[in-house]
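What follows is the content of target_22.csv, which has CSV, C-alpha atoms:
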```csv
chain,number,residue,atom,x,y,z
A,774,MET,CA,-3.1,14.5,-7.8
A,775,GLU,CA,-2.6,11.1,-6.3
A,776,ASN,CA,-2.9,12.0,-2.6
A,777,SER,CA,-5.3,14.8,-2.8
A,778,VAL,CA,-7.8,12.8,-0.9
A,779,THR,CA,-6.3,11.6,2.3
A,780,GLU,CA,-6.9,8.2,3.9
A,781,HIS,CA,-9.3,9.8,6.4
A,782,ASP,CA,-11.6,11.2,3.7
A,783,HIS,CA,-13.8,8.1,3.8
A,784,ALA,CA,-17.5,7.8,2.9
A,785,SER,CA,-20.1,8.9,5.4
A,786,VAL,CA,-22.2,6.5,7.5
A,787,LYS,CA,-25.1,7.4,5.3
A,788,THR,CA,-23.2,6.3,2.3
A,789,TYR,CA,-22.3,3.0,4.0
A,790,LEU,CA,-25.9,2.3,4.8
A,791,VAL,CA,-27.0,3.0,1.2
A,792,VAL,CA,-24.2,0.8,-0.2
A,793,ALA,CA,-25.3,-2.0,2.2
A,794,ALA,CA,-28.9,-1.7,1.1
A,795,VAL,CA,-27.9,-1.8,-2.6
A,796,LEU,CA,-25.8,-4.9,-1.8
A,797,GLY,CA,-28.8,-6.6,-0.2
A,798,ILE,CA,-31.0,-5.7,-3.1
A,799,ILE,CA,-28.5,-7.0,-5.7
A,800,THR,CA,-28.2,-10.3,-3.8
A,801,ALA,CA,-32.0,-10.6,-3.8
A,802,VAL,CA,-32.1,-9.9,-7.5
A,803,GLU,CA,-29.4,-12.5,-8.2
A,804,VAL,CA,-31.4,-15.2,-6.4
A,805,ALA,CA,-34.7,-14.1,-8.1
A,806,ILE,CA,-33.0,-14.3,-11.6
A,807,PHE,CA,-31.7,-17.8,-10.7
A,808,TYR,CA,-35.3,-19.0,-10.4
A,809,ILE,CA,-36.7,-17.3,-13.6
A,810,ASP,CA,-36.5,-19.9,-16.4
A,811,ALA,CA,-37.0,-17.3,-19.1
A,812,LEU,CA,-33.7,-15.7,-18.2
A,813,ARG,CA,-31.7,-19.0,-18.4
A,814,PRO,CA,-30.0,-18.1,-21.8
A,815,VAL,CA,-28.6,-14.9,-20.3
A,816,LEU,CA,-28.1,-16.2,-16.7
A,817,VAL,CA,-24.3,-16.3,-16.8
A,818,PRO,CA,-23.6,-12.8,-18.1
A,819,LEU,CA,-26.3,-11.4,-15.9
A,820,LEU,CA,-25.1,-13.0,-12.7
A,821,LEU,CA,-21.5,-12.2,-13.4
A,822,THR,CA,-22.4,-8.5,-14.0
A,823,LEU,CA,-24.3,-8.3,-10.8
A,824,SER,CA,-21.5,-10.1,-8.9
A,825,ALA,CA,-19.0,-7.6,-10.3
A,826,ALA,CA,-21.2,-4.7,-9.3
A,827,LYS,CA,-21.3,-6.0,-5.7
A,828,PHE,CA,-17.5,-6.6,-5.7
A,829,THR,CA,-16.9,-3.1,-7.0
A,830,LEU,CA,-19.2,-1.5,-4.4
A,831,VAL,CA,-17.5,-3.3,-1.4
A,832,VAL,CA,-14.0,-2.6,-2.7
A,833,SER,CA,-14.7,1.1,-3.6
A,834,PHE,CA,-16.7,2.1,-0.5
A,835,PHE,CA,-16.1,-0.3,2.3
A,836,MET,CA,-12.4,-0.8,1.5
A,837,HIS,CA,-12.2,2.9,0.7
A,838,LEU,CA,-10.2,2.2,-2.5
A,839,LYS,CA,-12.3,5.0,-4.2
A,840,TYR,CA,-10.9,7.5,-1.7
A,841,ASP,CA,-7.4,6.1,-1.0
A,842,SER,CA,-4.0,6.4,-2.7
A,843,LYS,CA,-3.5,5.0,-6.2
A,844,ILE,CA,-0.7,2.9,-4.8
A,845,PHE,CA,-3.2,0.8,-2.9
A,846,ARG,CA,-5.4,0.6,-6.0
A,847,GLY,CA,-2.4,-0.7,-8.0
A,848,LEU,CA,-1.5,-3.3,-5.3
A,849,PHE,CA,-5.0,-4.7,-5.5
A,850,VAL,CA,-6.1,-4.3,-9.2
A,851,GLY,CA,-2.7,-5.5,-10.6
A,852,PRO,CA,-2.8,-9.0,-9.0
A,853,LEU,CA,-6.6,-9.2,-9.5
A,854,ALA,CA,-6.2,-8.5,-13.2
A,855,VAL,CA,-3.5,-11.2,-13.4
A,856,ALA,CA,-5.7,-13.7,-11.5
A,857,VAL,CA,-8.7,-13.0,-13.8
A,858,LEU,CA,-6.5,-13.3,-16.9
A,859,ILE,CA,-5.1,-16.6,-15.7
A,860,ILE,CA,-8.6,-17.9,-14.9
A,861,LEU,CA,-9.8,-17.0,-18.4
A,862,ALA,CA,-6.7,-18.6,-20.0
A,863,MET,CA,-7.1,-21.8,-18.0
A,864,LEU,CA,-10.8,-22.0,-18.9
A,865,ALA,CA,-10.0,-21.6,-22.6
A,866,LEU,CA,-7.2,-24.2,-22.3
A,867,PHE,CA,-9.6,-26.7,-20.7
A,868,GLY,CA,-12.3,-26.0,-23.3
A,869,VAL,CA,-14.8,-24.7,-20.7
A,870,PHE,CA,-15.9,-22.0,-23.3
A,871,GLY,CA,-17.0,-24.8,-25.6
A,872,GLY,CA,-14.1,-24.5,-28.0
A,873,GLY,CA,-13.1,-28.1,-27.2
A,874,GLY,CA,-9.6,-27.3,-25.8
A,875,GLY,CA,-7.7,-30.5,-25.3
A,876,ALA,CA,-5.9,-30.2,-22.0
A,877,ALA,CA,-8.5,-32.2,-20.1
B,903,MET,CA,7.0,15.3,-4.1
B,904,SER,CA,3.7,17.2,-4.2
B,905,GLU,CA,2.6,19.4,-1.2
B,906,THR,CA,-0.1,17.0,-0.1
B,907,ALA,CA,2.2,14.0,-0.5
B,908,ALA,CA,4.8,15.8,1.6
B,909,ALA,CA,2.2,16.4,4.3
B,910,SER,CA,1.1,12.8,4.1
B,911,ALA,CA,4.8,11.6,4.4
B,912,GLU,CA,5.2,13.9,7.4
B,913,MET,CA,2.1,12.3,9.0
B,914,HIS,CA,3.3,8.7,8.5
B,915,HIS,CA,7.1,9.2,8.4
B,916,THR,CA,7.5,6.7,5.5
B,917,SER,CA,9.1,7.1,2.1
B,918,THR,CA,5.8,6.6,0.3
B,919,GLY,CA,3.8,8.9,2.6
B,920,LEU,CA,1.5,6.0,3.2
B,921,PRO,CA,1.2,3.9,6.4
B,922,ASN,CA,3.4,0.8,5.9
B,923,ARG,CA,1.1,-1.6,7.7
B,924,LYS,CA,-1.8,-0.6,5.4
B,925,LEU,CA,0.6,-0.9,2.4
B,926,LEU,CA,1.5,-4.4,3.6
B,927,MET,CA,-2.1,-5.4,4.0
B,928,TRP,CA,-3.0,-4.3,0.4
B,929,ALA,CA,0.1,-6.3,-0.9
B,930,PHE,CA,-1.2,-9.3,1.1
B,931,ILE,CA,-4.7,-8.9,-0.3
B,932,GLY,CA,-3.1,-8.8,-3.8
B,933,SER,CA,-1.4,-12.1,-3.1
B,934,GLU,CA,-4.6,-13.5,-1.8
B,935,CYS,CA,-6.3,-12.6,-5.1
B,936,MET,CA,-3.8,-15.0,-6.7
B,937,LEU,CA,-4.4,-17.7,-4.1
B,938,PHE,CA,-8.2,-17.6,-4.5
B,939,GLY,CA,-7.8,-17.2,-8.3
B,940,SER,CA,-6.0,-20.6,-8.4
B,941,LEU,CA,-8.6,-22.3,-6.3
B,942,ILE,CA,-11.4,-20.8,-8.4
B,943,ILE,CA,-9.7,-22.0,-11.6
B,944,THR,CA,-9.5,-25.5,-10.1
B,945,TYR,CA,-13.2,-25.5,-9.2
B,946,LEU,CA,-14.3,-24.2,-12.6
B,947,VAL,CA,-12.1,-26.6,-14.6
B,948,TYR,CA,-13.5,-29.6,-12.6
B,949,ARG,CA,-17.1,-28.3,-12.7
B,950,GLY,CA,-19.4,-30.8,-14.3
B,951,ARG,CA,-16.7,-33.4,-14.7
B,952,SER,CA,-17.6,-35.6,-11.7
B,953,ILE,CA,-18.3,-39.2,-12.9
B,954,VAL,CA,-20.0,-40.3,-9.6
B,955,GLY,CA,-22.5,-38.4,-7.4
B,956,PRO,CA,-23.6,-36.7,-5.4
B,957,TYR,CA,-23.7,-33.8,-7.8
B,958,PRO,CA,-24.0,-30.1,-6.9
B,959,GLU,CA,-27.6,-29.7,-8.2
B,960,GLU,CA,-28.6,-32.4,-5.7
B,961,LEU,CA,-27.0,-30.8,-2.7
B,962,LEU,CA,-26.8,-27.0,-2.9
B,963,ASN,CA,-29.4,-25.2,-0.9
B,964,ILE,CA,-29.7,-21.8,-2.5
B,965,PRO,CA,-32.2,-20.2,0.0
B,966,PHE,CA,-30.1,-21.2,3.0
B,967,ILE,CA,-26.8,-20.0,1.5
B,968,THR,CA,-28.5,-16.7,0.4
B,969,VAL,CA,-29.2,-16.0,4.1
B,970,THR,CA,-25.6,-16.7,5.1
B,971,THR,CA,-24.4,-14.6,2.2
B,972,PHE,CA,-26.6,-11.7,3.4
B,973,VAL,CA,-25.2,-12.2,6.9
B,974,LEU,CA,-21.6,-11.8,5.6
B,975,LEU,CA,-22.5,-8.8,3.5
B,976,MET,CA,-24.1,-7.1,6.6
B,977,SER,CA,-20.9,-7.9,8.6
B,978,SER,CA,-19.1,-5.7,6.1
B,979,LEU,CA,-21.5,-2.9,7.0
B,980,THR,CA,-21.0,-3.4,10.8
B,981,MET,CA,-17.2,-3.4,10.1
B,982,VAL,CA,-17.2,0.0,8.5
B,983,LEU,CA,-19.5,1.3,11.2
B,984,ALA,CA,-17.0,0.1,13.8
B,985,LEU,CA,-14.2,1.9,12.0
B,986,ALA,CA,-16.2,5.1,11.7
B,987,ALA,CA,-17.0,4.9,15.4
B,988,VAL,CA,-13.4,4.3,16.4
B,989,GLN,CA,-12.2,7.2,14.2
B,990,ARG,CA,-14.5,9.6,16.0
B,991,ASN,CA,-13.4,8.0,19.3
B,992,ASP,CA,-16.9,6.8,20.1
B,993,MET,CA,-15.6,3.6,21.7
B,994,ARG,CA,-19.0,2.5,23.0
B,995,GLN,CA,-20.3,2.2,19.4
B,996,GLY,CA,-16.9,0.9,18.3
B,997,LYS,CA,-17.1,-2.0,20.7
B,998,LEU,CA,-20.7,-2.7,19.8
B,999,TRP,CA,-20.0,-2.9,16.0
B,1000,LEU,CA,-16.8,-4.9,16.4
B,1001,LEU,CA,-18.6,-7.5,18.5
B,1002,MET,CA,-21.5,-7.5,16.0
B,1003,THR,CA,-19.1,-8.1,13.1
B,1004,ALA,CA,-17.5,-11.0,14.9
B,1005,LEU,CA,-20.9,-12.5,15.8
B,1006,LEU,CA,-22.1,-12.2,12.2
B,1007,GLY,CA,-18.9,-13.9,11.1
B,1008,LEU,CA,-19.6,-16.7,13.6
B,1009,VAL,CA,-23.1,-17.0,12.2
B,1010,PHE,CA,-21.7,-17.4,8.7
B,1011,LEU,CA,-19.2,-20.0,9.9
B,1012,SER,CA,-22.0,-21.9,11.7
B,1013,GLY,CA,-23.9,-22.0,8.4
B,1014,GLN,CA,-20.8,-23.3,6.6
B,1015,VAL,CA,-20.3,-26.0,9.3
B,1016,TYR,CA,-24.0,-27.0,8.9
B,1017,GLU,CA,-23.7,-27.1,5.2
B,1018,PHE,CA,-20.4,-29.2,5.3
B,1019,SER,CA,-21.9,-31.7,7.8
B,1020,HIS,CA,-25.1,-32.0,5.6
B,1021,PHE,CA,-23.0,-32.7,2.5
B,1022,VAL,CA,-21.0,-35.3,4.4
B,1023,HIS,CA,-24.2,-36.9,5.6
B,1024,GLU,CA,-25.4,-37.0,2.0
B,1025,GLY,CA,-22.3,-38.9,1.0
B,1026,LEU,CA,-20.1,-36.1,-0.3
B,1027,GLY,CA,-16.6,-36.2,1.1
B,1028,LEU,CA,-13.3,-34.6,0.1
B,1029,THR,CA,-12.3,-37.6,-1.9
B,1030,THR,CA,-15.8,-38.7,-3.2
B,1031,ASN,CA,-15.6,-36.9,-6.6
B,1032,LEU,CA,-14.1,-33.8,-8.3
B,1033,PHE,CA,-17.0,-31.6,-7.1
B,1034,GLY,CA,-16.3,-32.7,-3.5
B,1035,ALA,CA,-12.6,-32.1,-3.7
B,1036,SER,CA,-12.8,-28.7,-5.4
B,1037,PHE,CA,-15.8,-27.5,-3.4
B,1038,PHE,CA,-14.4,-28.3,0.1
B,1039,LEU,CA,-11.0,-27.0,-0.9
B,1040,LEU,CA,-12.4,-23.6,-2.1
B,1041,THR,CA,-15.1,-23.0,0.5
B,1042,GLY,CA,-12.9,-24.5,3.3
B,1043,THR,CA,-10.1,-22.1,2.5
B,1044,HIS,CA,-12.5,-19.2,2.5
B,1045,GLY,CA,-14.0,-20.5,5.8
B,1046,ALA,CA,-10.5,-20.6,7.3
B,1047,HIS,CA,-10.1,-17.0,6.4
B,1048,VAL,CA,-13.4,-16.1,8.0
B,1049,PHE,CA,-12.3,-18.0,11.2
B,1050,VAL,CA,-9.0,-16.0,11.3
B,1051,GLY,CA,-11.1,-12.8,10.8
B,1052,VAL,CA,-13.4,-13.7,13.7
B,1053,ILE,CA,-10.4,-14.3,16.0
B,1054,TRP,CA,-8.9,-11.0,14.9
B,1055,LEU,CA,-12.1,-9.1,15.5
B,1056,THR,CA,-12.6,-10.7,18.9
B,1057,THR,CA,-9.0,-9.7,19.8
B,1058,LEU,CA,-9.8,-6.1,18.9
B,1059,PHE,CA,-13.0,-6.2,20.9
B,1060,VAL,CA,-11.2,-7.5,24.0
B,1061,LEU,CA,-8.6,-4.7,23.5
B,1062,ALA,CA,-11.4,-2.1,23.3
B,1063,VAL,CA,-13.1,-3.5,26.4
B,1064,ARG,CA,-9.7,-3.2,28.3
B,1065,GLY,CA,-9.4,0.4,27.0
B,1066,LYS,CA,-6.4,-0.4,24.9
B,1067,LEU,CA,-8.1,0.5,21.6
B,1068,THR,CA,-8.8,4.2,21.0
B,1069,SER,CA,-9.0,6.5,18.0
B,1070,ALA,CA,-5.2,6.6,18.0
B,1071,ASN,CA,-5.4,2.9,16.9
B,1072,ALA,CA,-8.0,3.5,14.1
B,1073,GLU,CA,-5.4,2.4,11.6
B,1074,THR,CA,-5.4,-1.1,13.2
B,1075,VAL,CA,-9.2,-1.3,12.9
B,1076,GLU,CA,-9.0,-0.1,9.3
B,1077,ILE,CA,-6.4,-2.8,8.4
B,1078,THR,CA,-8.6,-5.5,10.1
B,1079,GLY,CA,-11.5,-4.1,8.1
B,1080,LEU,CA,-9.6,-4.4,4.8
B,1081,TYR,CA,-9.0,-8.1,5.6
B,1082,TRP,CA,-12.6,-8.6,6.5
B,1083,HIS,CA,-14.0,-6.9,3.5
B,1084,PHE,CA,-11.7,-8.9,1.2
B,1085,VAL,CA,-13.1,-12.1,2.8
B,1086,ASP,CA,-16.5,-10.7,1.9
B,1087,VAL,CA,-15.7,-9.9,-1.7
B,1088,VAL,CA,-14.2,-13.4,-2.2
B,1089,TRP,CA,-17.5,-14.8,-1.0
B,1090,ILE,CA,-19.5,-12.5,-3.4
B,1091,VAL,CA,-17.5,-14.3,-6.2
B,1092,LEU,CA,-17.9,-17.8,-4.7
B,1093,PHE,CA,-21.6,-17.4,-4.1
B,1094,THR,CA,-22.1,-16.6,-7.8
B,1095,ILE,CA,-19.7,-19.2,-9.2
B,1096,ILE,CA,-20.6,-22.1,-6.9
B,1097,TYR,CA,-24.2,-21.7,-6.0
B,1098,LEU,CA,-25.9,-19.6,-8.8
B,1099,LEU,CA,-24.0,-20.9,-11.8
B,1100,VAL,CA,-24.8,-24.5,-11.1
```
Please lay out the structure from this file as structure tokens.
Amino acid sequence: MENSVTEHDHASVKTYLVVAAVLGIITAVEVAIFYIDALRPVLVPLLLTLSAAKFTLVVSFFMHLKYDSKIFRGLFVGPLAVAVLIILAMLALFGVFGGGGGAA
Amino acid sequence: MSETAAASAEMHHTSTGLPNRKLLMWAFIGSECMLFGSLIITYLVYRGRSIVGPYPEELLNIPFITVTTFVLLMSSLTMVLALAAVQRNDMRQGKLWLLMTALLGLVFLSGQVYEFSHFVHEGLGLTTNLFGASFFLLTGTHGAHVFVGVIWLTTLFVLAVRGKLTSANAETVEITGLYWHFVDVVWIVLFTIIYLLV
């Protein structure tokens, strides 16, 4: 049921503290990975995954999207998905993925 | 309409059963996704295409920016703590966390001003090369959003000090928080794209 969880059923203060700690740890891991030469070949997917994890944590818990109405979720995820798709399409168009696109 | 939705509609007196201001803020945040998406595309497409220096690998200071990133992340924590305090009508804590959030935002902005002035000193301007143009446009737009957020938070703090912000206005604090957290998630993306994927 869409509104079975009302807008006031947010996470507890303890949850906020745990999420903040996890965000700090992920940031530290990101920077550590950046300085490890052995991880260079997988640096991009690794950093993008960690960044996506931080993004999801903030949006879900701090912005309460996990607990709020699906309408809010749609208003955010819809344009976000469009933006990501356009970014990927433009990167492909300009040959950033190494396919040698010709627009540049 | 379901029972809970009806109860919610009664609470907010709106056709959706949701607070209109919060709905508007989420719609605004959706539009901001498109704005920052276009700026991120510009940065990524121009990445590595500068034909004159200075180049990003010569300028970007990862340890410094990691600290300012951590500061902005922690400001999101203080923001939710402010909201939780206002919701339980603990205005003493509410004021403290609102002020702390604004101060952390100011620290982040100071770091950005320092970074920009350092880059300019090193010869990177808005029109120096493609990196300068796309970097200043992207991070400058984000910085402007942080600046607006700091003013907004300071306004709420002043209202709280004057006794004009109570638990009855918790929705106002929540909407401010949505904006502030969005500014934070944008920086999470920019930190990775600009500084770590050099």
Output the contact residues of chain B with respect to chain A at a cut-off of 9 Å, based on all atoms listed in the file, as a short mmCIF file (atom, residue, chain, number, x, y, z; two decimals) with C-alpha atoms, keeping the file's coordinate frame.
```cif
data_model
loop_
_atom_site.label_atom_id
_atom_site.label_comp_id
_atom_site.auth_asym_id
_atom_site.auth_seq_id
_atom_site.Cartn_x
_atom_site.Cartn_y
_atom_site.Cartn_z
CA SER B 904 3.70 17.20 -4.20
CA THR B 906 -0.10 17.00 -0.10
CA ALA B 907 2.20 14.00 -0.50
CA SER B 910 1.10 12.80 4.10
CA LEU B 920 1.50 6.00 3.20
CA LYS B 924 -1.80 -0.60 5.40
CA LEU B 925 0.60 -0.90 2.40
CA TRP B 928 -3.00 -4.30 0.40
CA ALA B 929 0.10 -6.30 -0.90
CA PHE B 930 -1.20 -9.30 1.10
CA ILE B 931 -4.70 -8.90 -0.30
CA GLY B 932 -3.10 -8.80 -3.80
CA SER B 933 -1.40 -12.10 -3.10
CA GLU B 934 -4.60 -13.50 -1.80
CA CYS B 935 -6.30 -12.60 -5.10
CA MET B 936 -3.80 -15.00 -6.70
CA LEU B 937 -4.40 -17.70 -4.10
CA PHE B 938 -8.20 -17.60 -4.50
CA GLY B 939 -7.80 -17.20 -8.30
CA SER B 940 -6.00 -20.60 -8.40
CA ILE B 942 -11.40 -20.80 -8.40
CA ILE B 943 -9.70 -22.00 -11.60
CA LEU B 946 -14.30 -24.20 -12.60
CA VAL B 947 -12.10 -26.60 -14.60
CA ILE B 964 -29.70 -21.80 -2.50
CA PRO B 965 -32.20 -20.20 0.00
CA THR B 968 -28.50 -16.70 0.40
CA THR B 971 -24.40 -14.60 2.20
CA PHE B 972 -26.60 -11.70 3.40
CA LEU B 975 -22.50 -8.80 3.50
CA MET B 976 -24.10 -7.10 6.60
CA SER B 978 -19.10 -5.70 6.10
CA LEU B 979 -21.50 -2.90 7.00
CA MET B 981 -17.20 -3.40 10.10
CA VAL B 982 -17.20 0.00 8.50
CA LEU B 983 -19.50 1.30 11.20
CA ALA B 986 -16.20 5.10 11.70
CA GLN B 989 -12.20 7.20 14.20
CA GLU B 1076 -9.00 -0.10 9.30
CA GLY B 1079 -11.50 -4.10 8.10
CA LEU B 1080 -9.60 -4.40 4.80
CA HIS B 1083 -14.00 -6.90 3.50
CA PHE B 1084 -11.70 -8.90 1.20
CA ASP B 1086 -16.50 -10.70 1.90
CA VAL B 1087 -15.70 -9.90 -1.70
CA VAL B 1088 -14.20 -13.40 -2.20
CA ILE B 1090 -19.50 -12.50 -3.40
CA VAL B 1091 -17.50 -14.30 -6.20
CA PHE B 1093 -21.60 -17.40 -4.10
CA THR B 1094 -22.10 -16.60 -7.80
CA ILE B 1095 -19.70 -19.20 -9.20
CA LEU B 1098 -25.90 -19.60 -8.80
CA LEU B 1099 -24.00 -20.90 -11.80
#
```
Output as a Markdown table one row per residue of region 921-1029 of chain B within 12 Å of region 1051-1070 of chain B: the closest atom pair and its distance in Å to one decimal place, counting all atoms listed in the file, sorted by chain and residue number ascending.
```
| residue | atom | partner | partner_atom | distance |
| --- | --- | --- | --- | --- |
| B:Leu974 | CA | B:Val1052 | CA | 11.7 |
| B:Ser977 | CA | B:Val1052 | CA | 10.8 |
| B:Ser978 | CA | B:Gly1051 | CA | 11.7 |
| B:Thr980 | CA | B:Leu1055 | CA | 11.6 |
| B:Met981 | CA | B:Leu1055 | CA | 9.4 |
| B:Ala984 | CA | B:Phe1059 | CA | 10.3 |
| B:Leu985 | CA | B:Ser1069 | CA | 9.2 |
| B:Ala986 | CA | B:Ser1069 | CA | 9.7 |
| B:Ala987 | CA | B:Ser1069 | CA | 8.6 |
| B:Val988 | CA | B:Ser1069 | CA | 5.2 |
| B:Gln989 | CA | B:Ser1069 | CA | 5.0 |
| B:Arg990 | CA | B:Ser1069 | CA | 6.6 |
| B:Asn991 | CA | B:Ser1069 | CA | 4.8 |
| B:Asp992 | CA | B:Ser1069 | CA | 8.2 |
| B:Met993 | CA | B:Thr1068 | CA | 6.9 |
| B:Arg994 | CA | B:Ala1062 | CA | 8.9 |
| B:Gln995 | CA | B:Ala1062 | CA | 10.6 |
| B:Gly996 | CA | B:Ala1062 | CA | 8.0 |
| B:Lys997 | CA | B:Phe1059 | CA | 5.9 |
| B:Leu998 | CA | B:Phe1059 | CA | 8.5 |
| B:Trp999 | CA | B:Phe1059 | CA | 9.2 |
| B:Leu1000 | CA | B:Phe1059 | CA | 6.0 |
| B:Leu1001 | CA | B:Phe1059 | CA | 6.2 |
| B:Met1002 | CA | B:Leu1055 | CA | 9.5 |
| B:Thr1003 | CA | B:Leu1055 | CA | 7.5 |
| B:Ala1004 | CA | B:Val1052 | CA | 5.1 |
| B:Leu1005 | CA | B:Val1052 | CA | 7.9 |
| B:Leu1006 | CA | B:Val1052 | CA | 9.0 |
| B:Gly1007 | CA | B:Val1052 | CA | 6.1 |
| B:Leu1008 | CA | B:Val1052 | CA | 6.9 |
| B:Val1009 | CA | B:Val1052 | CA | 10.4 |
| B:Phe1010 | CA | B:Val1052 | CA | 10.4 |
| B:Leu1011 | CA | B:Val1052 | CA | 9.4 |
```
Take the residues from that selection and put them in a file with C-alpha atoms, as a CSV table (one decimal), in the coordinates of the input.
```csv
chain,number,residue,atom,x,y,z
B,974,LEU,CA,-21.6,-11.8,5.6
B,977,SER,CA,-20.9,-7.9,8.6
B,978,SER,CA,-19.1,-5.7,6.1
B,980,THR,CA,-21.0,-3.4,10.8
B,981,MET,CA,-17.2,-3.4,10.1
B,984,ALA,CA,-17.0,0.1,13.8
B,985,LEU,CA,-14.2,1.9,12.0
B,986,ALA,CA,-16.2,5.1,11.7
B,987,ALA,CA,-17.0,4.9,15.4
B,988,VAL,CA,-13.4,4.3,16.4
B,989,GLN,CA,-12.2,7.2,14.2
B,990,ARG,CA,-14.5,9.6,16.0
B,991,ASN,CA,-13.4,8.0,19.3
B,992,ASP,CA,-16.9,6.8,20.1
B,993,MET,CA,-15.6,3.6,21.7
B,994,ARG,CA,-19.0,2.5,23.0
B,995,GLN,CA,-20.3,2.2,19.4
B,996,GLY,CA,-16.9,0.9,18.3
B,997,LYS,CA,-17.1,-2.0,20.7
B,998,LEU,CA,-20.7,-2.7,19.8
B,999,TRP,CA,-20.0,-2.9,16.0
B,1000,LEU,CA,-16.8,-4.9,16.4
B,1001,LEU,CA,-18.6,-7.5,18.5
B,1002,MET,CA,-21.5,-7.5,16.0
B,1003,THR,CA,-19.1,-8.1,13.1
B,1004,ALA,CA,-17.5,-11.0,14.9
B,1005,LEU,CA,-20.9,-12.5,15.8
B,1006,LEU,CA,-22.1,-12.2,12.2
B,1007,GLY,CA,-18.9,-13.9,11.1
B,1008,LEU,CA,-19.6,-16.7,13.6
B,1009,VAL,CA,-23.1,-17.0,12.2
B,1010,PHE,CA,-21.7,-17.4,8.7
B,1011,LEU,CA,-19.2,-20.0,9.9
```
CA of Glu959 (chain B) to CA of Tyr945 (chain B), distance in Å rounded to a single decimal: 15.0 Å
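Counting from CA of Arg923 (chain B), the distance to CA of Asn1071 (chain B) is 12.1 Å.
CA of Leu1026 (chain B) to CA of Val802 (chain A) spans 29.7 Å [interatomic distance, one decimal].
Proximity ranking of B:Trp1089, B:Tyr1081, B:Tyr957, B:Phe1037 relative to Gly1025 (chain B) places B:Tyr957 first, based on only C-alpha atoms.
Excluding Ala1035 (chain B) itself and same-chain residues fewer than 6 positions from it, the residues having an atom within 10 Å of it are Thr944, Tyr945, Tyr948, Leu1026, Gly1027, Leu1028 and Thr1029 of chain B, counting all atoms listed in the file.
If only C-alpha atoms are the atoms counted, then among B:Ala1072, B:Leu926, B:Leu961, B:Ile1096 the closest residue to Ser1019 (chain B) is B:Leu961.
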Give the padded box for region 944-949 of chain B as AutoDock Vina command-line options: axis-aligned, covering all atoms listed in the file, 4 Å on each side, centre and edge lengths in Å to one decimal.
```
--center_x -13.3 --center_y -26.9 --center_z -11.9 --size_x 15.6 --size_y 13.4 --size_z 13.4
```
